[in-house]
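Presented below is the structure to which this report refers.
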Amino acid sequence: MRPHVELIQEKDLVWHDAELHKGEGRAKQRNLSYDEENGAASTRVVFDKAWSRAAGFHSADVEWYVMAGQVKVGDRLLGKGCYFRAPAGLCVPAMEVAAGTDVLIFREYGDWGFSLSSKNRAKFVPRGGNTVSGESGELTIVDSNTMEWLPNLYEGDTQRFLKLKMLYFDPPSPEDNNSGFVTVVSWAPPGWSDNRMVHHPVFEEAYCLDGTMEYNFGTTNAGTYFFRPAKVKHGHFVSGAERGWTGIFRLDGSLINWITTNEKVITQGDALNYDPETQAPVLAGLPVRSRTTGPWDLDGQ
Amino acid sequence: MSEHKVDLSQIRGDWHFHTRYVTNAMDQTLKRLHKTWRALLAQAPAEGEVPMSGPLMEQFLEACRQTRALTDDIRLMGETQPVPKARRKPRQGGKTARRKAGRARK
């Protein structure tokens, strides 16, 4: 289970040695979100020195988004804004990464394990850990720089004016919204707003690449990140006046917006030996924050 | 995802509210686009040319893509613009018509 992280600035976090096993070179990572049960994680990785690794397969579904530098996957050269994804067990060609390269690496449904191999783990490799598809998994490589922004059909009319570039889409089962997987780059244009509170049946995760947005958990700008488990309310959005807000989103299923208005939280109890005005207990379930984002003012709780 | 008819009433605000949002978003994005283009012209590697690659050109190309994306919203607002209510014709033989007719006889 990943904890509710909302909102952190990744610059506040410590560096660890990067979990890039069977590779040669030196890299460090910041853990944005970590599932200590199955090893899934979302990390920012910076390569201090050139790094390389022979072909093989991961234990987890793995996604890379390049924020700066160069990554070579087989004979494909990926620069800023490029993305690749490999489901667990699929053979990934040999990789080379230039010194100074800066990437986001997301692992899902597994840990950092990597096996050197020139072929897949099994005859049939599923599309992902949450897929309902009977099709074989494949290597996805996308250059978001050359993609057009599309209307946000995905979230329907309620957040119609958001724009997106689909990096990866594994459709859910018609019977189960909590299946499949989605990774998109989303842009909230300047002045975009939504004054309501929303929650979804699936988890939602985002890393801000550019711009700013005010919302109930604070101000999100470049380097801020959240991992929001399913059914956590969020909203009261106003995007930046000049550039809007751009970030990479991941969802473990189909996004449905359930809307709440006039929300309020009522807690009751008799204070026996403390002052309820100044010494009242906080509610359990507060999300992980970091120094820069500071305490949550409980807006939208 | 679906291709049903867009129902903007699912978001707060009326058609004018959304139109003002679209206008402002386009205005801000165009300002950034022009600013970046002027910066490219200022970096002209030779007369009548702008740099064909580099971070500034990437910013410009992205601003162009965003501008084009916002044209989808202009189309959307055009398609969802409420039709103004037609003025009702005065009824034949109504009070006003009878008064007018009476005045004409005098």
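Chains: A, B, ... in order of the structure tokens. Residues: from 1 per chain. Ligands: from 1, in order shown.
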
Residues near A:Ala284, cut-off 12 Å, only C-alpha atoms, skip fewer than 2 positions along chain, as a list in words: His4, Thr267, Pro281, Val282, Leu286, Pro287, Val288 and Gln301 of chain A

Within 8 Å of stretch 72-88 of chain B using only C-alpha atoms, minus same-chain residues under 4 positions, as a PyMOL selection string: (chain A and resi 151+161) or (chain B and resi 6+15+18-19+22+68)

Shell around A:Phe124 at 10 Å using only C-alpha atoms, local window under 4 positions removed, as a PyMOL selection string: chain A and resi 89-90+120+134-137

Interface residues on chain A facing chain B, 9 Å, only C-alpha atoms, written as a VMD selection string: chain A and resid 145 147 to 151 153 to 161 163 187 189 to 196 241 to 244

Selected residues written out, N, CA and C atoms, as a PDB file, in the first residue's frame:
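After the write, selection-v3.pdb holds the following:
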ATOM      1  N   ASN A 145       6.875  15.463 -27.225  1.00  0.00           N
ATOM      2  CA  ASN A 145       7.095  16.756 -27.900  1.00  0.00           C
ATOM      3  C   ASN A 145       6.387  16.831 -29.246  1.00  0.00           C
ATOM      4  N   MET A 147       3.569  15.227 -29.979  1.00  0.00           N
ATOM      5  CA  MET A 147       2.136  14.892 -29.869  1.00  0.00           C
ATOM      6  C   MET A 147       1.306  16.163 -29.713  1.00  0.00           C
ATOM      7  N   GLU A 148       0.100  16.125 -30.251  1.00  0.00           N
ATOM      8  CA  GLU A 148      -0.821  17.253 -30.098  1.00  0.00           C
ATOM      9  C   GLU A 148      -1.554  17.141 -28.762  1.00  0.00           C
ATOM     10  N   TRP A 149      -1.882  18.287 -28.178  1.00  0.00           N
ATOM     11  CA  TRP A 149      -2.739  18.285 -26.992  1.00  0.00           C
ATOM     12  C   TRP A 149      -4.166  17.963 -27.408  1.00  0.00           C
ATOM     13  N   LEU A 150      -4.786  17.028 -26.695  1.00  0.00           N
ATOM     14  CA  LEU A 150      -6.156  16.633 -27.019  1.00  0.00           C
ATOM     15  C   LEU A 150      -7.115  17.162 -25.959  1.00  0.00           C
ATOM     16  N   PRO A 151      -8.382  17.387 -26.346  1.00  0.00           N
ATOM     17  CA  PRO A 151      -9.365  17.752 -25.315  1.00  0.00           C
ATOM     18  C   PRO A 151      -9.470  16.630 -24.291  1.00  0.00           C
ATOM     19  N   LEU A 153     -11.258  14.393 -23.130  1.00  0.00           N
ATOM     20  CA  LEU A 153     -12.427  13.521 -23.242  1.00  0.00           C
ATOM     21  C   LEU A 153     -12.424  12.521 -22.098  1.00  0.00           C
ATOM     22  N   TYR A 154     -11.227  12.226 -21.613  1.00  0.00           N
ATOM     23  CA  TYR A 154     -11.095  11.177 -20.617  1.00  0.00           C
ATOM     24  C   TYR A 154     -11.914  11.445 -19.372  1.00  0.00           C
ATOM     25  N   GLU A 155     -11.933  12.703 -18.928  1.00  0.00           N
ATOM     26  CA  GLU A 155     -12.671  13.018 -17.710  1.00  0.00           C
ATOM     27  C   GLU A 155     -14.063  13.560 -18.000  1.00  0.00           C
ATOM     28  N   GLY A 156     -14.455  13.483 -19.252  1.00  0.00           N
ATOM     29  CA  GLY A 156     -15.809  13.877 -19.585  1.00  0.00           C
ATOM     30  C   GLY A 156     -16.015  15.377 -19.459  1.00  0.00           C
ATOM     31  N   ASP A 157     -17.255  15.774 -19.358  1.00  0.00           N
ATOM     32  CA  ASP A 157     -17.587  17.197 -19.411  1.00  0.00           C
ATOM     33  C   ASP A 157     -17.143  17.960 -18.173  1.00  0.00           C
ATOM     34  N   THR A 158     -16.987  17.259 -17.050  1.00  0.00           N
ATOM     35  CA  THR A 158     -16.767  18.009 -15.811  1.00  0.00           C
ATOM     36  C   THR A 158     -15.388  18.676 -15.763  1.00  0.00           C
ATOM     37  N   GLN A 159     -14.400  18.136 -16.479  1.00  0.00           N
ATOM     38  CA  GLN A 159     -13.108  18.819 -16.556  1.00  0.00           C
ATOM     39  C   GLN A 159     -12.661  18.873 -18.013  1.00  0.00           C
ATOM     40  N   ARG A 160     -13.613  19.319 -18.830  1.00  0.00           N
ATOM     41  CA  ARG A 160     -13.469  19.292 -20.271  1.00  0.00           C
ATOM     42  C   ARG A 160     -12.297  20.132 -20.774  1.00  0.00           C
ATOM     43  N   PHE A 161     -11.999  21.236 -20.112  1.00  0.00           N
ATOM     44  CA  PHE A 161     -11.025  22.180 -20.664  1.00  0.00           C
ATOM     45  C   PHE A 161      -9.574  21.806 -20.366  1.00  0.00           C
ATOM     46  N   LYS A 163      -6.229  19.649 -20.970  1.00  0.00           N
ATOM     47  CA  LYS A 163      -5.687  19.055 -22.204  1.00  0.00           C
ATOM     48  C   LYS A 163      -4.792  17.882 -21.826  1.00  0.00           C
ATOM     49  N   TRP A 187      -2.189  19.250 -19.298  1.00  0.00           N
ATOM     50  CA  TRP A 187      -1.964  20.702 -19.209  1.00  0.00           C
ATOM     51  C   TRP A 187      -3.271  21.371 -18.798  1.00  0.00           C
ATOM     52  N   PRO A 189      -4.682  24.846 -18.850  1.00  0.00           N
ATOM     53  CA  PRO A 189      -4.328  26.135 -19.451  1.00  0.00           C
ATOM     54  C   PRO A 189      -4.432  27.286 -18.432  1.00  0.00           C
ATOM     55  N   PRO A 190      -3.844  28.452 -18.766  1.00  0.00           N
ATOM     56  CA  PRO A 190      -3.857  29.577 -17.826  1.00  0.00           C
ATOM     57  C   PRO A 190      -5.276  29.906 -17.357  1.00  0.00           C
ATOM     58  N   GLY A 191      -5.436  30.038 -16.059  1.00  0.00           N
ATOM     59  CA  GLY A 191      -6.717  30.448 -15.491  1.00  0.00           C
ATOM     60  C   GLY A 191      -7.753  29.349 -15.393  1.00  0.00           C
ATOM     61  N   TRP A 192      -7.392  28.110 -15.766  1.00  0.00           N
ATOM     62  CA  TRP A 192      -8.364  27.020 -15.638  1.00  0.00           C
ATOM     63  C   TRP A 192      -8.735  26.850 -14.158  1.00  0.00           C
ATOM     64  N   SER A 193      -9.995  26.615 -13.881  1.00  0.00           N
ATOM     65  CA  SER A 193     -10.408  26.491 -12.481  1.00  0.00           C
ATOM     66  C   SER A 193     -11.563  25.513 -12.344  1.00  0.00           C
ATOM     67  N   ASP A 194     -11.688  24.986 -11.154  1.00  0.00           N
ATOM     68  CA  ASP A 194     -12.824  24.120 -10.813  1.00  0.00           C
ATOM     69  C   ASP A 194     -13.013  24.273  -9.306  1.00  0.00           C
ATOM     70  N   ASN A 195     -14.133  24.804  -8.905  1.00  0.00           N
ATOM     71  CA  ASN A 195     -14.312  25.149  -7.486  1.00  0.00           C
ATOM     72  C   ASN A 195     -14.907  24.001  -6.670  1.00  0.00           C
ATOM     73  N   ARG A 196     -15.030  22.812  -7.267  1.00  0.00           N
ATOM     74  CA  ARG A 196     -15.674  21.701  -6.556  1.00  0.00           C
ATOM     75  C   ARG A 196     -14.634  20.753  -5.968  1.00  0.00           C
ATOM     76  N   ALA A 241      -1.699  31.950 -13.903  1.00  0.00           N
ATOM     77  CA  ALA A 241      -2.233  32.940 -14.846  1.00  0.00           C
ATOM     78  C   ALA A 241      -1.430  32.996 -16.138  1.00  0.00           C
ATOM     79  N   GLU A 242      -0.142  32.672 -16.086  1.00  0.00           N
ATOM     80  CA  GLU A 242       0.680  32.875 -17.282  1.00  0.00           C
ATOM     81  C   GLU A 242       0.876  31.600 -18.105  1.00  0.00           C
ATOM     82  N   ARG A 243       1.286  30.499 -17.438  1.00  0.00           N
ATOM     83  CA  ARG A 243       1.607  29.271 -18.159  1.00  0.00           C
ATOM     84  C   ARG A 243       0.619  28.145 -17.890  1.00  0.00           C
ATOM     85  N   GLY A 244      -0.251  28.346 -16.895  1.00  0.00           N
ATOM     86  CA  GLY A 244      -1.097  27.230 -16.488  1.00  0.00           C
ATOM     87  C   GLY A 244      -0.279  26.234 -15.686  1.00  0.00           C
TER      88      GLY A 244
END

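Distances here use only C-alpha atoms; by that measure, the residue among A:Val182, A:Val232, A:Met95, A:Val46 closest to A:Met197 is A:Val232.
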
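Computed from the coordinates, the atom CA of A:Tyr207 to atom CA of A:Val103 distance equals 11.6 Å.
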
Distance in Å - atom CA of A:Phe237 versus atom CA of A:Leu164: 16.9 Å

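As for atom CA of A:Ala230 and atom CA of A:Glu204, they are spaced 7.1 Å apart.
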
Which of stretch 37-276 of chain A DSSP labels strand (DSSP E or B), written as number ranges by chain: A: 41-47, 51-53, 56-58, 61-68, 71-73, 76-78, 82-86, 92, 95-97, 102-108, 114-116, 126, 136, 140-143, 150-151, 163-170, 173, 176, 181-188, 193-199, 204-215, 218-221, 224-228, 234-239, 245-251, 258-260

What's the 10 Å shell around A:Ala86, counting only C-alpha atoms, without same-chain residues fewer than 2 positions away, as a JSON list (two decimals) with N, CA and C atoms, in the first residue's frame?
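File written: selection28.json
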[["chain", "number", "residue", "atom", "x", "y", "z"],
["A", 57, "PHE", "N", 14.77, -8.26, -18.41],
["A", 57, "PHE", "CA", 13.39, -7.91, -18.06],
["A", 57, "PHE", "C", 13.28, -7.51, -16.59],
["A", 58, "HIS", "N", 12.29, -6.63, -16.32],
["A", 58, "HIS", "CA", 12.04, -6.13, -14.96],
["A", 58, "HIS", "C", 11.08, -7.06, -14.22],
["A", 60, "ALA", "N", 8.87, -5.57, -12.30],
["A", 60, "ALA", "CA", 7.70, -4.69, -12.20],
["A", 60, "ALA", "C", 7.36, -4.10, -13.57],
["A", 61, "ASP", "N", 6.16, -3.52, -13.70],
["A", 61, "ASP", "CA", 5.86, -2.67, -14.86],
["A", 61, "ASP", "C", 6.67, -1.40, -14.64],
["A", 62, "VAL", "N", 7.46, -1.01, -15.62],
["A", 62, "VAL", "CA", 8.38, 0.12, -15.42],
["A", 62, "VAL", "C", 8.15, 1.19, -16.48],
["A", 63, "GLU", "N", 8.11, 2.46, -16.03],
["A", 63, "GLU", "CA", 7.95, 3.59, -16.94],
["A", 63, "GLU", "C", 9.07, 4.60, -16.68],
["A", 64, "TRP", "N", 9.63, 5.14, -17.73],
["A", 64, "TRP", "CA", 10.63, 6.22, -17.63],
["A", 64, "TRP", "C", 10.07, 7.44, -18.36],
["A", 84, "PHE", "N", 9.18, 5.88, -22.03],
["A", 84, "PHE", "CA", 9.03, 4.49, -22.44],
["A", 84, "PHE", "C", 8.48, 3.66, -21.29],
["A", 88, "ALA", "N", 6.25, -5.91, -16.76],
["A", 88, "ALA", "CA", 7.09, -6.90, -16.09],
["A", 88, "ALA", "C", 7.27, -8.11, -17.00],
["A", 89, "GLY", "N", 8.51, -8.59, -17.09],
["A", 89, "GLY", "CA", 8.77, -9.82, -17.85],
["A", 89, "GLY", "C", 9.09, -9.61, -19.31],
["A", 90, "LEU", "N", 8.90, -8.39, -19.82],
["A", 90, "LEU", "CA", 9.18, -8.14, -21.24],
["A", 90, "LEU", "C", 10.66, -7.79, -21.41],
["A", 91, "CYS", "N", 11.30, -8.37, -22.38],
["A", 91, "CYS", "CA", 12.72, -8.09, -22.61],
["A", 91, "CYS", "C", 12.89, -6.66, -23.13],
["A", 92, "VAL", "N", 13.67, -5.87, -22.40],
["A", 92, "VAL", "CA", 13.98, -4.49, -22.78],
["A", 92, "VAL", "C", 15.37, -4.50, -23.41],
["A", 107, "ARG", "N", 7.68, 2.41, -10.92],
["A", 107, "ARG", "CA", 7.57, 0.94, -10.89],
["A", 107, "ARG", "C", 6.22, 0.59, -10.32],
["A", 127, "ARG", "N", 0.04, -7.37, -20.52],
["A", 127, "ARG", "CA", 0.27, -5.93, -20.76],
["A", 127, "ARG", "C", 0.63, -5.19, -19.48],
["A", 128, "GLY", "N", 0.23, -5.71, -18.33],
["A", 128, "GLY", "CA", 0.56, -5.02, -17.08],
["A", 128, "GLY", "C", -0.07, -5.72, -15.91],
["A", 137, "GLY", "N", 2.00, -8.04, -23.82],
["A", 137, "GLY", "CA", 2.59, -6.75, -23.49],
["A", 137, "GLY", "C", 3.65, -6.38, -24.51],
["A", 138, "GLU", "N", 3.89, -5.08, -24.64],
["A", 138, "GLU", "CA", 4.88, -4.61, -25.61],
["A", 138, "GLU", "C", 5.62, -3.40, -25.07],
["A", 139, "LEU", "N", 6.73, -3.09, -25.70],
["A", 139, "LEU", "CA", 7.51, -1.91, -25.33],
["A", 139, "LEU", "C", 6.83, -0.69, -25.93],
["A", 140, "THR", "N", 6.53, 0.30, -25.09],
["A", 140, "THR", "CA", 5.91, 1.54, -25.56],
["A", 140, "THR", "C", 6.97, 2.64, -25.53],
["A", 141, "ILE", "N", 7.17, 3.31, -26.65],
["A", 141, "ILE", "CA", 8.10, 4.45, -26.69],
["A", 141, "ILE", "C", 7.37, 5.62, -27.35]]

Residues within 12 Å of A:Asp176, only C-alpha atoms, excluding chain neighbours under 2 positions, as a VMD selection string: chain A and resid 130 to 132 171 to 174 178 to 180 201 to 202 252 to 256

Residue neighbourhood A:Tyr225, 7 Å, only C-alpha atoms, exclusion window fewer than 4 positions, as a PDB file with C-alpha atoms, in the first residue's frame:
ATOM      1  CA  GLU A   6       0.112  15.254  -0.875  1.00  0.00           C
ATOM      2  CA  LEU A   7       1.864  17.518  -1.311  1.00  0.00           C
ATOM      3  CA  ILE A   8       5.670  17.312  -1.340  1.00  0.00           C
ATOM      4  CA  GLN A   9       8.412  19.248  -3.100  1.00  0.00           C
ATOM      5  CA  ALA A 206       1.143  13.456 -10.517  1.00  0.00           C
ATOM      6  CA  TYR A 207       4.509  15.178 -10.769  1.00  0.00           C
ATOM      7  CA  CYS A 208       4.463  18.823 -11.833  1.00  0.00           C
TER       8      CYS A 208
END

DSSP-assigned helix (DSSP H, G or I) among stretch 47-282 of chain A, expressed as a PyMOL selection string: chain A and resi 144-146+153-159

12 Å contact set for A:Ile266, only C-alpha atoms, chain neighbours under 2 positions out, as an MDAnalysis selection string: chainID A and resid 263:264 268:269 283 301

Output C-alpha atoms for every residue in the selection just made, as a CSV table (one decimal), in the first residue's frame.
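Contents of again-v3.csv, as written:
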chain,number,residue,atom,x,y,z
A,263,GLU,CA,-18.4,19.4,2.2
A,264,LYS,CA,-17.8,19.6,5.9
A,268,GLN,CA,-17.6,15.4,18.4
A,269,GLY,CA,-16.3,14.5,21.9
A,283,LEU,CA,-7.7,13.9,12.6
A,301,GLN,CA,-11.0,17.7,4.2
